[in-house]
Structure formats: structure tokens, C-alpha cells
Amino acid sequence: MCVSVDNASEECDPEWMDAEDPLFVLYTSGSTGKPKGVLHTIAGYLLYTSLTFKYVFDHHQDDVYWCTADIGWITGHSYITYGPLANGATSVLFEGIPVYPHVGRFWEIIEKYRVSKFYTAPTAIRLLMKYGIEPLQKYDLSSLRVLGTVGEPINPEAWMWYHDAVGQGRCPVVDTFWQTETGGHVLTPLPAATPLKPGSATLPFFGVLPIILNEHGEELEGEAEGYLVFKKPWPGIMRGVYGNQECFENTYFKKFPGFYVTGDGCRRDKDGYYWITGRIDDMLNVSGHLLSTAEVEAALTEHSAVAEAAVVSRPHIVKGECLYCFVTLKDFREFNHSLMDELKRKVREKIGPIATPDFIQNAPGLPKTRSGKIMRRVLRQIARNEKDLGDLSTLADPKVVEVLLSQRCEAAA
Ligand code: WTA
């Protein structure tokens, strides 16, 4: 049947659904294991994305909002589609990459549409940092009011650049911690209301109850570091793993009964602020000291030659585990022995001798999921010289892996 637009009705009745009917299934990025089909339902998800969008980006009717995520991943679902639409927000939709046709692409778009709320990922910020501030200076960024980040712990170096160079020191940076599974932001500052600390996702959103547990499942009070779990559900939490109730229970509720387990490590400082230290699977135990990959990576990226770093563990006869670091250098920087020494010194100074890297490999590119997350699982397998790299279906560019495999370090640096 063919209906012409002229005689089509202007009204389109919605399909009435039950609040708990399935809304969509989205597969997790698979950065730590096999992708799982995360199930979200109608009412709670919509309420939660709508509310977090409104408060976390301090949405006003005259805003122009731009989230650079891929619409196919959770950030695109929650904060390009559902949250902004439910608030009637004016949004920029973008299909492309930050450095094509030129490295000022993002800034050009912000100027063109007078973007006031901008939401991107640490990986994009670090990529753009590589090109310095000249590309920024060509454009008028005075419309910006709030800057958001999501997807990975943001190293303080990148946070400062985002705040000072992009936001001209004027715009609060909202570092939003959440997961495909949480549906929306769970730890996040509220702009202008929450005093910020570079690298911290700060405090829980309304109604969210974070707890830090130790290995034995005991709740830690005050300043502490351990497993990040949540004590109570909130409207946007996932309702299941599609077609696999057992996997749902085992993955999220079995390790610490009575809590939702995020799988992330976390530190709470003396002011009650939360600092995500990375996926628990990515923690390293070097000579009995627990290290988080995020803190070592933050130390490496503090060096002016380093654009991006990813750290994984490799078994070590004496220390149990040691650090194997992949570093991507800024344009025109050369990878050589003196740089390796400087990087080791940097890590030693920032964290301590225990964290001195044993291996440093030059990585022209890092294996990332299509949502920009570094697949440390794959790097770990490269570092350990494992032949079977498992499920690579969520990798954006599988060629990167071949290059890294061909250049892996055999002997300690
Ligand atoms: C990580 C993306 C630190 C974390 C919305 C989490 C973060 C995983 C942050 C979920 C942040 C996300 N600070 N880590 N602000 N945001 N993560 O499912 O490890 O693609 O568990 O959801 O990304 O990734 P997912």
C-alpha cells in the first residue's frame, strides 16, 4: 500500500506498553569478556535518562547539546536519543571522526551551531590534545557552558586540558561514571553545584547508593579502596541479560550477594569523592602491592611525549605480576631508549619504585572497541604471548592488533 504524505494523518498514536516491557537489548562493549545482551525496559530507563540528562547537563531550552558518541552504543542510546528527546532538547547529530577532514572538526562544529553542552570521551580528548591548542584557537568556543566526559577514567592531564583549553577555564567538566548496565549516570558531578576534582567522577546521582567492599565483602567506611558496588537499584538499572538469567545473576550479583557489582575498582577520598581505578580484571598485583592500571596510565600520559597509554599485567617469576605498558606517542616524537628511561622514572616518581614498568612497547595504535574503549584483555594476551585472542568482533580496527603482535617485547626493557 502506498500512502502519500499529503493525506497521511498528522497524528500517530503511540503504542501503549507496560512499564516493564522490554525496550531494547544492547550488547556490552566486551572490553573484558564476551559481550552480554543487556536488557532495558520502558519506563524506568526513560525516566532515568530523562532526569539525568536534565540535571547532569543542566539542560535549558536555549541550549544546543552535542554528544559525539556513536548512536549504536549506550551513550548514544541514553544521551543522544532518549534523554535529549524526552527533554525536547536541540541536539547536534554527528556521524564522523574528530580528525577528518581536519583536526579542528569538533571545534568548527561547536562554533557553527553555537554548542553549549558538549559530551565526549577521554579517548577523543587525548587524541585532540596531541595536536595542541592551535586548532582550537581558530574557532569561537564562547558558546560552551558545560563539558561532559564518559567511557573511561579521565587522566588529570586530559581533564585539565579539557577544562582549560576547550572550556577556557569557564565550564564545569562533568565526569560521568556509568555503564551499559546502569542505563544512565550513577556517579557524576552536577555542574556548578559540585566542587570538582580532576579525575574524579565525584558523588552519586540522586537515589544512588555506592558502597566500597573489600575482598571479603565487608563494607568499608570513609577513605577506602576496593570494589565498587551499589546497594539499591535505581529506575534505569538493567533488568536482565537477554535470554540468560543465570549469566545475569552470576555476573552482577553472585560475588557479593545483596549488591549490584559494577566490576570496577574505586577509591573514596577523605571528602567522600569517588575515583574509579579501572576494571577489577585490570588490577595488577606486583610483589603483593595492588596497582590500578588507571593510575599508571595517568603517570605515563603526564609525560609530554605520550598521547595515550594502556597498561596490563604480565606474569613475573619474582614479582608475581609486572607491568607491560603500551604507549602511543604524540606526532613527531621518537620512541627510543632515553624516552623509555624517562617514562620509567615518571612512573617511579608518581607512584613508587614498585610500579616501575618492566616492558614498554611503542603502540602506533591501541585496540579499541567501536565506542573507543581500550580492550585491555587483548593487550594482556599480546603481552603474555597468547596465540588465541578470543572474540574480537567488537574491535573497531583489527589491523592494530597485528601491528602490536609483530612488535611485542620479548625481553624486559
Ligand atoms: C568505564 C559506557 C571511569 C567503567 C557508559 C565502566 C568509566 C565501563 C567512566 C562501562 C568514567 C565509564 N570514569 N570509568 N566516567 N565511564 N567508565 O558499558 O569501567 O560501554 O564499568 O558504558 O566504562 O562501559 P560501557
# chains A, B, ... in the order shown; residues from 1 in each chain; ligands from 1
$ residues_around --residues "Leu39 of chain A" --least-positions-apart "5" --cutoff "6 Å" --atoms "only C-alpha atoms" --output "list in words"
Val25, Met238, Arg239, Gly240, Val241 and Tyr242 of chain A
$ write_last_selection --atoms "N, CA and C atoms" --output "tab-separated table (two decimals), in the first residue's frame"
chain	number	residue	atom	x	y	z
A	25	VAL	N	17.67	-4.36	23.72
A	25	VAL	CA	18.78	-5.19	24.19
A	25	VAL	C	20.04	-4.61	23.57
A	238	MET	N	19.62	-2.20	34.53
A	238	MET	CA	19.25	-3.28	33.61
A	238	MET	C	18.31	-4.26	34.31
A	239	ARG	N	17.46	-4.91	33.50
A	239	ARG	CA	16.53	-5.88	34.10
A	239	ARG	C	16.96	-7.32	33.87
A	240	GLY	N	17.98	-7.52	33.04
A	240	GLY	CA	18.44	-8.89	32.83
A	240	GLY	C	19.45	-8.97	31.71
A	241	VAL	N	20.04	-10.17	31.57
A	241	VAL	CA	20.85	-10.46	30.39
A	241	VAL	C	19.92	-11.24	29.46
A	242	TYR	N	19.75	-10.74	28.26
A	242	TYR	CA	18.77	-11.29	27.35
A	242	TYR	C	18.95	-12.80	27.18
$ residues_near_ligand --ligand "ligand 1" --cutoff "7 Å" --atoms "only C-alpha atoms and all ligand atoms" --output "list in words"
Thr28, Ser29, Ile74, Thr75, Thr149, Val150, Gly151, Glu152, Pro153, Ile154, Asp175, Thr176, Phe177, Trp178, Gln179, Thr180, Glu181, Ala201, Thr262, Gly263, Asp264, Ile276, Gly278, Arg279 and Ser371 of chain A
$ select_by_dssp --residues "segment 152-202 of chain A" --states "strand (DSSP E or B)" --output "list in words"
Val173, Val174, Asp175, Phe177, Leu187 and Thr202 of chain A
$ write_last_selection --atoms "N, CA, C and O atoms" --output "short mmCIF file (atom, residue, chain, number, x, y, z; two decimals), in the first residue's frame"
data_model
loop_
_atom_site.label_atom_id
_atom_site.label_comp_id
_atom_site.auth_asym_id
_atom_site.auth_seq_id
_atom_site.Cartn_x
_atom_site.Cartn_y
_atom_site.Cartn_z
N VAL A 173 33.46 20.59 34.20
CA VAL A 173 33.59 19.32 33.49
C VAL A 173 32.80 18.28 34.29
O VAL A 173 33.08 18.07 35.47
N VAL A 174 31.81 17.67 33.67
CA VAL A 174 31.10 16.60 34.36
C VAL A 174 31.64 15.26 33.90
O VAL A 174 31.46 14.85 32.77
N ASP A 175 32.38 14.63 34.82
CA ASP A 175 32.96 13.31 34.55
C ASP A 175 31.92 12.30 35.01
O ASP A 175 31.75 12.04 36.19
N PHE A 177 30.35 8.75 35.46
CA PHE A 177 30.62 7.32 35.51
C PHE A 177 29.29 6.57 35.41
O PHE A 177 28.36 6.82 36.18
N LEU A 187 27.50 7.92 39.02
CA LEU A 187 28.38 8.81 39.80
C LEU A 187 28.66 9.99 38.88
O LEU A 187 29.12 9.81 37.76
N THR A 202 33.31 12.21 41.14
CA THR A 202 32.77 12.89 42.34
C THR A 202 31.77 12.07 43.15
O THR A 202 32.15 11.15 43.84
#
$ select_by_dssp --residues "segment 165-359 of chain A" --states "alpha helix (DSSP H)" --output "number ranges by chain"
A: 245-252, 293-301, 337-350
$ residues_around --residues "Val403 of chain A" --least-positions-apart "2" --cutoff "12 Å" --atoms "only C-alpha atoms" --output "MDAnalysis selection string"
chainID A and resid 361:367 379 382 397:401 405:408
$ residues_around --residues "Gly76 of chain A" --least-positions-apart "3" --cutoff "12 Å" --atoms "only C-alpha atoms" --output "MDAnalysis selection string"
chainID A and resid 26 49 66:73 79:85 93:95 119:121 150:151 180 183:184 371
$ atom_distance --atom1 "atom CA of Glu246 of chain A" --atom2 "atom CA of Ile211 of chain A"
24.1 Å
$ residues_around --residues "Pro315 of chain A" --least-positions-apart "4" --cutoff "10 Å" --atoms "only C-alpha atoms" --output "PyMOL selection string"
chain A and resi 284-286+319-324+383-384
$ write_last_selection --atoms "N, CA, C and O atoms" --output "compact mmCIF listing (two decimals), in the first residue's frame"
# COMPACT_ATOMS: atom_id res chain seq x y z
N LEU A 284 46.45 -4.97 38.98
CA LEU A 284 47.68 -5.75 38.97
C LEU A 284 48.16 -5.96 40.39
O LEU A 284 48.00 -5.08 41.24
N ASN A 285 48.77 -7.10 40.60
CA ASN A 285 49.35 -7.35 41.90
C ASN A 285 50.85 -7.54 41.72
O ASN A 285 51.32 -8.59 41.31
N VAL A 286 51.60 -6.47 42.00
CA VAL A 286 53.05 -6.51 41.81
C VAL A 286 53.71 -6.66 43.18
O VAL A 286 53.57 -5.79 44.03
N LYS A 319 58.06 -11.23 40.94
CA LYS A 319 57.08 -10.27 41.47
C LYS A 319 55.63 -10.77 41.41
O LYS A 319 54.73 -10.10 41.88
N GLY A 320 55.43 -11.91 40.78
CA GLY A 320 54.05 -12.37 40.61
C GLY A 320 53.51 -11.82 39.31
O GLY A 320 53.27 -12.52 38.34
N GLU A 321 53.35 -10.48 39.29
CA GLU A 321 52.95 -9.83 38.06
C GLU A 321 53.85 -8.62 37.86
O GLU A 321 54.37 -8.07 38.83
N CYS A 322 54.02 -8.21 36.60
CA CYS A 322 54.74 -6.96 36.36
C CYS A 322 53.98 -6.16 35.32
O CYS A 322 53.00 -6.64 34.74
N LEU A 323 54.43 -4.92 35.12
CA LEU A 323 53.71 -4.03 34.21
C LEU A 323 54.23 -4.09 32.79
O LEU A 323 55.44 -3.97 32.57
N TYR A 324 53.31 -4.24 31.88
CA TYR A 324 53.63 -4.19 30.45
C TYR A 324 52.84 -2.99 29.92
O TYR A 324 51.62 -2.98 29.97
N ALA A 383 50.68 -9.21 25.54
CA ALA A 383 51.79 -9.14 26.49
C ALA A 383 52.22 -10.53 26.94
O ALA A 383 53.39 -10.79 27.19
N ARG A 384 51.23 -11.42 27.05
CA ARG A 384 51.53 -12.78 27.54
C ARG A 384 51.83 -13.75 26.41
O ARG A 384 51.95 -14.94 26.64
$ residues_around --residues "Ala165 of chain A" --least-positions-apart "3" --cutoff "12 Å" --atoms "only C-alpha atoms" --output "VMD selection string"
chain A and resid 107 125 128 to 129 132 to 137 139 141 to 142 144 147 157 to 162 168 to 171
$ closest_residue --among "A:Glu386, A:Asp164, A:Asp331, A:Asp282" --to "Val306 of chain A" --atoms "only C-alpha atoms"
A:Asp331
$ closest_residue --among "A:Glu215, A:Glu302, A:Asp358, A:Glu308" --to "Val327 of chain A" --atoms "only C-alpha atoms"
A:Glu308
$ residues_around --residues "Arg377 of chain A" --least-positions-apart "3" --cutoff "12 Å" --atoms "only C-alpha atoms" --output "VMD selection string"
chain A and resid 29 to 34 279 to 283 310 to 314 366 to 369 373 to 374 380 to 384 386 388 to 392 395 401
$ closest_residue --among "A:Ala309, A:Gly288, A:Ala396, A:Lys138" --to "Arg105 of chain A" --atoms "only C-alpha atoms"
A:Lys138
$ closest_residue --among "A:Arg348, A:His163, A:Lys232, A:Lys197" --to "Gly258 of chain A" --atoms "only C-alpha atoms"
A:Lys232
$ closest_residue --among "A:Phe359, A:Tyr274, A:Phe106, A:Tyr55" --to "His316 of chain A" --atoms "only C-alpha atoms"
A:Phe359
$ atom_distance --atom1 "atom CA of Phe53 of chain A" --atom2 "atom CA of Lys112 of chain A"
23.1 Å
$ atom_distance --atom1 "atom CA of Asp269 of chain A" --atom2 "atom CA of Ser200 of chain A"
9.8 Å
$ decode --residues "segment 213-229 of chain A" --atoms "all heavy atoms" --output "PDB file, in the first residue's frame"
ATOM      1  N   LEU A 213      33.472  -2.277  48.869  1.00  0.00           N
ATOM      2  CA  LEU A 213      33.654  -3.520  49.620  1.00  0.00           C
ATOM      3  C   LEU A 213      35.096  -3.997  49.498  1.00  0.00           C
ATOM      4  O   LEU A 213      35.748  -3.742  48.480  1.00  0.00           O
ATOM      5  CB  LEU A 213      32.764  -4.627  49.046  1.00  0.00           C
ATOM      6  CG  LEU A 213      31.253  -4.430  49.051  1.00  0.00           C
ATOM      7  CD1 LEU A 213      30.574  -5.653  48.414  1.00  0.00           C
ATOM      8  CD2 LEU A 213      30.724  -4.221  50.468  1.00  0.00           C
ATOM      9  N   ASN A 214      35.551  -4.699  50.524  1.00  0.00           N
ATOM     10  CA  ASN A 214      36.862  -5.348  50.372  1.00  0.00           C
ATOM     11  C   ASN A 214      36.650  -6.753  49.804  1.00  0.00           C
ATOM     12  O   ASN A 214      35.520  -7.170  49.539  1.00  0.00           O
ATOM     13  CB  ASN A 214      37.639  -5.354  51.701  1.00  0.00           C
ATOM     14  CG  ASN A 214      36.970  -6.220  52.763  1.00  0.00           C
ATOM     15  OD1 ASN A 214      36.078  -7.020  52.453  1.00  0.00           O
ATOM     16  ND2 ASN A 214      37.392  -6.068  54.000  1.00  0.00           N
ATOM     17  N   GLU A 215      37.739  -7.445  49.607  1.00  0.00           N
ATOM     18  CA  GLU A 215      37.725  -8.781  49.005  1.00  0.00           C
ATOM     19  C   GLU A 215      36.745  -9.729  49.715  1.00  0.00           C
ATOM     20  O   GLU A 215      36.138 -10.600  49.110  1.00  0.00           O
ATOM     21  CB  GLU A 215      39.165  -9.320  49.074  1.00  0.00           C
ATOM     22  CG  GLU A 215      39.429 -10.616  48.365  1.00  0.00           C
ATOM     23  CD  GLU A 215      39.156 -10.540  46.860  1.00  0.00           C
ATOM     24  OE1 GLU A 215      39.625  -9.581  46.233  1.00  0.00           O
ATOM     25  OE2 GLU A 215      38.468 -11.446  46.362  1.00  0.00           O
ATOM     26  N   HIS A 216      36.572  -9.536  51.035  1.00  0.00           N
ATOM     27  CA  HIS A 216      35.693 -10.427  51.807  1.00  0.00           C
ATOM     28  C   HIS A 216      34.249  -9.962  51.830  1.00  0.00           C
ATOM     29  O   HIS A 216      33.427 -10.506  52.550  1.00  0.00           O
ATOM     30  CB  HIS A 216      36.210 -10.557  53.248  1.00  0.00           C
ATOM     31  CG  HIS A 216      37.674 -10.831  53.309  1.00  0.00           C
ATOM     32  ND1 HIS A 216      38.211 -12.007  52.847  1.00  0.00           N
ATOM     33  CD2 HIS A 216      38.721 -10.074  53.736  1.00  0.00           C
ATOM     34  CE1 HIS A 216      39.530 -11.968  52.986  1.00  0.00           C
ATOM     35  NE2 HIS A 216      39.860 -10.806  53.519  1.00  0.00           N
ATOM     36  N   GLY A 217      33.955  -8.916  51.073  1.00  0.00           N
ATOM     37  CA  GLY A 217      32.584  -8.447  51.022  1.00  0.00           C
ATOM     38  C   GLY A 217      32.197  -7.561  52.194  1.00  0.00           C
ATOM     39  O   GLY A 217      31.011  -7.336  52.433  1.00  0.00           O
ATOM     40  N   GLU A 218      33.191  -7.070  52.926  1.00  0.00           N
ATOM     41  CA  GLU A 218      32.874  -6.180  54.051  1.00  0.00           C
ATOM     42  C   GLU A 218      32.825  -4.726  53.590  1.00  0.00           C
ATOM     43  O   GLU A 218      33.679  -4.300  52.807  1.00  0.00           O
ATOM     44  CB  GLU A 218      33.953  -6.320  55.150  1.00  0.00           C
ATOM     45  CG  GLU A 218      33.901  -7.671  55.841  1.00  0.00           C
ATOM     46  CD  GLU A 218      35.255  -8.117  56.407  1.00  0.00           C
ATOM     47  OE1 GLU A 218      36.266  -7.427  56.167  1.00  0.00           O
ATOM     48  OE2 GLU A 218      35.287  -9.160  57.071  1.00  0.00           O
ATOM     49  N   GLU A 219      31.801  -4.009  54.078  1.00  0.00           N
ATOM     50  CA  GLU A 219      31.654  -2.601  53.694  1.00  0.00           C
ATOM     51  C   GLU A 219      32.751  -1.764  54.319  1.00  0.00           C
ATOM     52  O   GLU A 219      32.994  -1.856  55.517  1.00  0.00           O
ATOM     53  CB  GLU A 219      30.306  -2.064  54.190  1.00  0.00           C
ATOM     54  CG  GLU A 219      29.144  -2.529  53.363  1.00  0.00           C
ATOM     55  CD  GLU A 219      27.861  -1.758  53.704  1.00  0.00           C
ATOM     56  OE1 GLU A 219      27.915  -0.532  53.949  1.00  0.00           O
ATOM     57  OE2 GLU A 219      26.816  -2.413  53.725  1.00  0.00           O
ATOM     58  N   LEU A 220      33.405  -0.930  53.507  1.00  0.00           N
ATOM     59  CA  LEU A 220      34.457  -0.066  54.026  1.00  0.00           C
ATOM     60  C   LEU A 220      33.905   1.344  54.200  1.00  0.00           C
ATOM     61  O   LEU A 220      33.183   1.843  53.353  1.00  0.00           O
ATOM     62  CB  LEU A 220      35.646  -0.053  53.065  1.00  0.00           C
ATOM     63  CG  LEU A 220      36.246  -1.427  52.730  1.00  0.00           C
ATOM     64  CD1 LEU A 220      37.335  -1.297  51.680  1.00  0.00           C
ATOM     65  CD2 LEU A 220      36.797  -2.101  53.990  1.00  0.00           C
ATOM     66  N   GLU A 221      34.247   1.931  55.305  1.00  0.00           N
ATOM     67  CA  GLU A 221      33.754   3.300  55.578  1.00  0.00           C
ATOM     68  C   GLU A 221      34.869   4.294  55.300  1.00  0.00           C
ATOM     69  O   GLU A 221      36.045   3.942  55.316  1.00  0.00           O
ATOM     70  CB  GLU A 221      33.372   3.437  57.058  1.00  0.00           C
ATOM     71  CG  GLU A 221      32.405   2.382  57.581  1.00  0.00           C
ATOM     72  CD  GLU A 221      30.970   2.704  57.244  1.00  0.00           C
ATOM     73  OE1 GLU A 221      30.693   3.896  56.982  1.00  0.00           O
ATOM     74  OE2 GLU A 221      30.138   1.778  57.224  1.00  0.00           O
ATOM     75  N   GLY A 222      34.498   5.554  55.113  1.00  0.00           N
ATOM     76  CA  GLY A 222      35.485   6.638  54.987  1.00  0.00           C
ATOM     77  C   GLY A 222      36.443   6.446  53.825  1.00  0.00           C
ATOM     78  O   GLY A 222      36.068   5.905  52.789  1.00  0.00           O
ATOM     79  N   GLU A 223      37.679   6.882  54.045  1.00  0.00           N
ATOM     80  CA  GLU A 223      38.680   6.731  52.995  1.00  0.00           C
ATOM     81  C   GLU A 223      38.948   5.248  52.783  1.00  0.00           C
ATOM     82  O   GLU A 223      39.291   4.549  53.750  1.00  0.00           O
ATOM     83  CB  GLU A 223      39.992   7.392  53.421  1.00  0.00           C
ATOM     84  CG  GLU A 223      40.116   8.836  53.011  1.00  0.00           C
ATOM     85  CD  GLU A 223      41.470   9.402  53.402  1.00  0.00           C
ATOM     86  OE1 GLU A 223      42.434   9.158  52.666  1.00  0.00           O
ATOM     87  OE2 GLU A 223      41.551  10.070  54.440  1.00  0.00           O
ATOM     88  N   ALA A 224      38.805   4.782  51.541  1.00  0.00           N
ATOM     89  CA  ALA A 224      38.958   3.348  51.300  1.00  0.00           C
ATOM     90  C   ALA A 224      39.115   3.073  49.815  1.00  0.00           C
ATOM     91  O   ALA A 224      38.781   3.917  48.981  1.00  0.00           O
ATOM     92  CB  ALA A 224      37.714   2.613  51.809  1.00  0.00           C
ATOM     93  N   GLU A 225      39.625   1.887  49.523  1.00  0.00           N
ATOM     94  CA  GLU A 225      39.708   1.456  48.127  1.00  0.00           C
ATOM     95  C   GLU A 225      39.283   0.001  48.028  1.00  0.00           C
ATOM     96  O   GLU A 225      39.616  -0.806  48.886  1.00  0.00           O
ATOM     97  CB  GLU A 225      41.142   1.634  47.613  1.00  0.00           C
ATOM     98  CG  GLU A 225      41.258   1.270  46.149  1.00  0.00           C
ATOM     99  CD  GLU A 225      42.536   1.764  45.475  1.00  0.00           C
ATOM    100  OE1 GLU A 225      43.252   2.602  46.074  1.00  0.00           O
ATOM    101  OE2 GLU A 225      42.801   1.313  44.356  1.00  0.00           O
ATOM    102  N   GLY A 226      38.510  -0.315  47.001  1.00  0.00           N
ATOM    103  CA  GLY A 226      38.053  -1.690  46.854  1.00  0.00           C
ATOM    104  C   GLY A 226      37.110  -1.836  45.676  1.00  0.00           C
ATOM    105  O   GLY A 226      37.241  -1.139  44.674  1.00  0.00           O
ATOM    106  N   TYR A 227      36.120  -2.730  45.838  1.00  0.00           N
ATOM    107  CA  TYR A 227      35.161  -3.000  44.766  1.00  0.00           C
ATOM    108  C   TYR A 227      33.993  -2.022  44.848  1.00  0.00           C
ATOM    109  O   TYR A 227      33.395  -1.852  45.904  1.00  0.00           O
ATOM    110  CB  TYR A 227      34.578  -4.402  44.923  1.00  0.00           C
ATOM    111  CG  TYR A 227      35.580  -5.512  44.736  1.00  0.00           C
ATOM    112  CD1 TYR A 227      36.410  -5.922  45.776  1.00  0.00           C
ATOM    113  CD2 TYR A 227      35.674  -6.163  43.512  1.00  0.00           C
ATOM    114  CE1 TYR A 227      37.323  -6.951  45.587  1.00  0.00           C
ATOM    115  CE2 TYR A 227      36.581  -7.194  43.321  1.00  0.00           C
ATOM    116  CZ  TYR A 227      37.405  -7.583  44.357  1.00  0.00           C
ATOM    117  OH  TYR A 227      38.300  -8.588  44.172  1.00  0.00           O
ATOM    118  N   LEU A 228      33.664  -1.423  43.713  1.00  0.00           N
ATOM    119  CA  LEU A 228      32.507  -0.534  43.690  1.00  0.00           C
ATOM    120  C   LEU A 228      31.241  -1.350  43.445  1.00  0.00           C
ATOM    121  O   LEU A 228      31.127  -2.058  42.440  1.00  0.00           O
ATOM    122  CB  LEU A 228      32.656   0.518  42.581  1.00  0.00           C
ATOM    123  CG  LEU A 228      31.456   1.441  42.413  1.00  0.00           C
ATOM    124  CD1 LEU A 228      31.289   2.351  43.636  1.00  0.00           C
ATOM    125  CD2 LEU A 228      31.593   2.284  41.152  1.00  0.00           C
ATOM    126  N   VAL A 229      30.305  -1.245  44.399  1.00  0.00           N
ATOM    127  CA  VAL A 229      29.007  -1.932  44.246  1.00  0.00           C
ATOM    128  C   VAL A 229      27.901  -0.936  44.589  1.00  0.00           C
ATOM    129  O   VAL A 229      28.163   0.125  45.153  1.00  0.00           O
ATOM    130  CB  VAL A 229      28.893  -3.157  45.194  1.00  0.00           C
ATOM    131  CG1 VAL A 229      29.999  -4.156  44.928  1.00  0.00           C
ATOM    132  CG2 VAL A 229      28.906  -2.732  46.662  1.00  0.00           C
TER     133      VAL A 229
END
